[in-house]
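For reference, the structure discussed in these notes is given below.
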Amino acid sequence: MGQPIAAAGVPLHGRAPLREAGSRFVLYGAGPRSIEDANAHRADERLPLDDLYRATRPIAPTLAELLGA
């Protein structure tokens, strides 16, 4: 998205059963870089649509290839 991205971690609890089972995973998504900036997990959580569109660009062709389109 035109910006260097450093490897970082954010504690998320939605994947706790996977983590407890010993699975390792990577989350990829769009939006603000911090939970506070996104106002995450609140009624007015926000995601700028331009961020969503830019984040979708690498995912769409990858899914099409995986699904045999």
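Identifiers for the structure tokens are assigned positionally: chains receive A, B, ... in sequence, residues are indexed from 1 per chain, and ligands are indexed from 1 in the order shown.
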
Exercise. Within 12 Å of range 40-47 of chain A, counting only C-alpha atoms, which residues qualify if same-chain residues fewer than 4 places away don't, as number ranges by chain?
Worked result: A: 12-14, 29-36, 51-55

Convert the current residue selection to file output with N, CA, C and O atoms, as a short mmCIF file (atom, residue, chain, number, x, y, z; two decimals), in the first residue's frame.
```cif
data_model
loop_
_atom_site.label_atom_id
_atom_site.label_comp_id
_atom_site.auth_asym_id
_atom_site.auth_seq_id
_atom_site.Cartn_x
_atom_site.Cartn_y
_atom_site.Cartn_z
N LEU A 12 -5.08 -10.80 19.68
CA LEU A 12 -6.48 -10.95 19.30
C LEU A 12 -7.00 -12.24 19.90
O LEU A 12 -6.31 -13.25 19.92
N HIS A 13 -8.21 -12.20 20.37
CA HIS A 13 -8.76 -13.36 21.07
C HIS A 13 -9.71 -14.19 20.22
O HIS A 13 -10.09 -15.26 20.62
N GLY A 14 -10.07 -13.73 19.04
CA GLY A 14 -11.00 -14.47 18.19
C GLY A 14 -10.46 -15.78 17.69
O GLY A 14 -11.20 -16.65 17.27
N GLY A 29 -5.19 -7.97 6.86
CA GLY A 29 -6.40 -7.17 6.76
C GLY A 29 -6.10 -5.73 6.44
O GLY A 29 -4.96 -5.32 6.28
N ALA A 30 -7.15 -4.99 6.35
CA ALA A 30 -7.06 -3.58 6.00
C ALA A 30 -7.44 -2.73 7.20
O ALA A 30 -8.09 -3.21 8.12
N GLY A 31 -7.06 -1.49 7.12
CA GLY A 31 -7.52 -0.56 8.13
C GLY A 31 -6.42 0.10 8.91
O GLY A 31 -5.24 -0.08 8.62
N PRO A 32 -6.81 0.84 9.92
CA PRO A 32 -5.84 1.52 10.76
C PRO A 32 -4.87 0.52 11.38
O PRO A 32 -5.18 -0.66 11.54
N ARG A 33 -3.71 0.99 11.74
CA ARG A 33 -2.65 0.10 12.23
C ARG A 33 -2.76 -0.24 13.70
O ARG A 33 -1.99 -1.03 14.19
N SER A 34 -3.68 0.36 14.39
CA SER A 34 -3.82 0.02 15.80
C SER A 34 -5.30 -0.19 16.13
O SER A 34 -6.19 0.32 15.44
N ILE A 35 -5.53 -0.94 17.17
CA ILE A 35 -6.90 -1.18 17.62
C ILE A 35 -7.55 0.13 18.03
O ILE A 35 -8.73 0.36 17.75
N GLU A 36 -6.76 1.01 18.64
CA GLU A 36 -7.31 2.30 19.08
C GLU A 36 -7.72 3.16 17.87
O GLU A 36 -8.78 3.77 17.88
N ASP A 51 -8.79 1.93 2.17
CA ASP A 51 -7.92 0.90 2.75
C ASP A 51 -8.42 -0.49 2.39
O ASP A 51 -7.65 -1.39 2.06
N LEU A 52 -9.72 -0.69 2.43
CA LEU A 52 -10.31 -1.98 2.08
C LEU A 52 -10.03 -2.31 0.62
O LEU A 52 -9.61 -3.43 0.30
N TYR A 53 -10.23 -1.36 -0.27
CA TYR A 53 -9.98 -1.60 -1.70
C TYR A 53 -8.52 -1.94 -1.95
O TYR A 53 -8.21 -2.88 -2.70
N ARG A 54 -7.60 -1.21 -1.33
CA ARG A 54 -6.17 -1.48 -1.54
C ARG A 54 -5.78 -2.83 -0.98
O ARG A 54 -4.98 -3.55 -1.58
N ALA A 55 -6.32 -3.21 0.15
CA ALA A 55 -5.98 -4.50 0.76
C ALA A 55 -6.56 -5.67 -0.04
O ALA A 55 -6.02 -6.77 -0.01
#
```

Problem set entry | Atomic separation - CA of Leu27 in chain A relative to CA of Arg57 in chain A, Å | 15.9 Å

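Coordinates place CA of Thr62 in chain A at a distance of 27.2 Å from CA of Ala21 in chain A.
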
For this session: Figure out the distance between CA of Ala38 in chain A and CA of Asp50 in chain A, please, to one decimal in Å.
Result: 14.1 Å

For this session: Determine which residues of range 26-66 of chain A DSSP labels as alpha helix (DSSP H) from the backbone of this structure, then write them out as a ChimeraX atom specification.
Result: /A:35-38,49-66

Export, as a tab-separated table (two decimals), in the first residue's frame, the selected residues with N, CA and C atoms.
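Full text of part38.tsv as output:
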```
chain	number	residue	atom	x	y	z
A	35	ILE	N	-5.53	-0.94	17.17
A	35	ILE	CA	-6.90	-1.18	17.62
A	35	ILE	C	-7.55	0.13	18.03
A	36	GLU	N	-6.76	1.01	18.64
A	36	GLU	CA	-7.31	2.30	19.08
A	36	GLU	C	-7.72	3.16	17.87
A	37	ASP	N	-6.87	3.21	16.83
A	37	ASP	CA	-7.20	4.02	15.64
A	37	ASP	C	-8.44	3.50	14.93
A	38	ALA	N	-8.65	2.21	14.97
A	38	ALA	CA	-9.82	1.62	14.32
A	38	ALA	C	-11.06	1.70	15.18
A	49	LEU	N	-12.82	2.97	3.39
A	49	LEU	CA	-13.04	2.14	2.21
A	49	LEU	C	-11.84	2.08	1.29
A	50	ASP	N	-11.08	3.16	1.17
A	50	ASP	CA	-9.87	3.12	0.34
A	50	ASP	C	-8.89	2.07	0.86
A	51	ASP	N	-8.79	1.93	2.17
A	51	ASP	CA	-7.92	0.90	2.75
A	51	ASP	C	-8.42	-0.49	2.39
A	52	LEU	N	-9.72	-0.69	2.43
A	52	LEU	CA	-10.31	-1.98	2.08
A	52	LEU	C	-10.03	-2.31	0.62
A	53	TYR	N	-10.23	-1.36	-0.27
A	53	TYR	CA	-9.98	-1.60	-1.70
A	53	TYR	C	-8.52	-1.94	-1.95
A	54	ARG	N	-7.60	-1.21	-1.33
A	54	ARG	CA	-6.17	-1.48	-1.54
A	54	ARG	C	-5.78	-2.83	-0.98
A	55	ALA	N	-6.32	-3.21	0.15
A	55	ALA	CA	-5.98	-4.50	0.76
A	55	ALA	C	-6.56	-5.67	-0.04
A	56	THR	N	-7.64	-5.44	-0.76
A	56	THR	CA	-8.28	-6.49	-1.55
A	56	THR	C	-7.49	-6.81	-2.81
A	57	ARG	N	-6.76	-5.86	-3.33
A	57	ARG	CA	-6.04	-6.07	-4.60
A	57	ARG	C	-5.14	-7.30	-4.60
A	58	PRO	N	-4.31	-7.55	-3.59
A	58	PRO	CA	-3.49	-8.76	-3.65
A	58	PRO	C	-4.26	-10.04	-3.32
A	59	ILE	N	-5.36	-9.92	-2.61
A	59	ILE	CA	-6.11	-11.10	-2.20
A	59	ILE	C	-6.95	-11.67	-3.34
A	60	ALA	N	-7.61	-10.81	-4.11
A	60	ALA	CA	-8.51	-11.28	-5.17
A	60	ALA	C	-7.81	-12.20	-6.17
A	61	PRO	N	-6.66	-11.83	-6.77
A	61	PRO	CA	-6.02	-12.74	-7.71
A	61	PRO	C	-5.51	-14.01	-7.06
A	62	THR	N	-5.09	-13.91	-5.81
A	62	THR	CA	-4.62	-15.11	-5.11
A	62	THR	C	-5.76	-16.10	-4.90
A	63	LEU	N	-6.92	-15.60	-4.49
A	63	LEU	CA	-8.08	-16.48	-4.33
A	63	LEU	C	-8.52	-17.07	-5.66
A	64	ALA	N	-8.52	-16.26	-6.70
A	64	ALA	CA	-8.91	-16.75	-8.02
A	64	ALA	C	-7.99	-17.89	-8.44
A	65	GLU	N	-6.70	-17.75	-8.21
A	65	GLU	CA	-5.76	-18.81	-8.57
A	65	GLU	C	-5.99	-20.06	-7.72
A	66	LEU	N	-6.16	-19.89	-6.42
A	66	LEU	CA	-6.40	-21.03	-5.55
A	66	LEU	C	-7.69	-21.78	-5.89
```
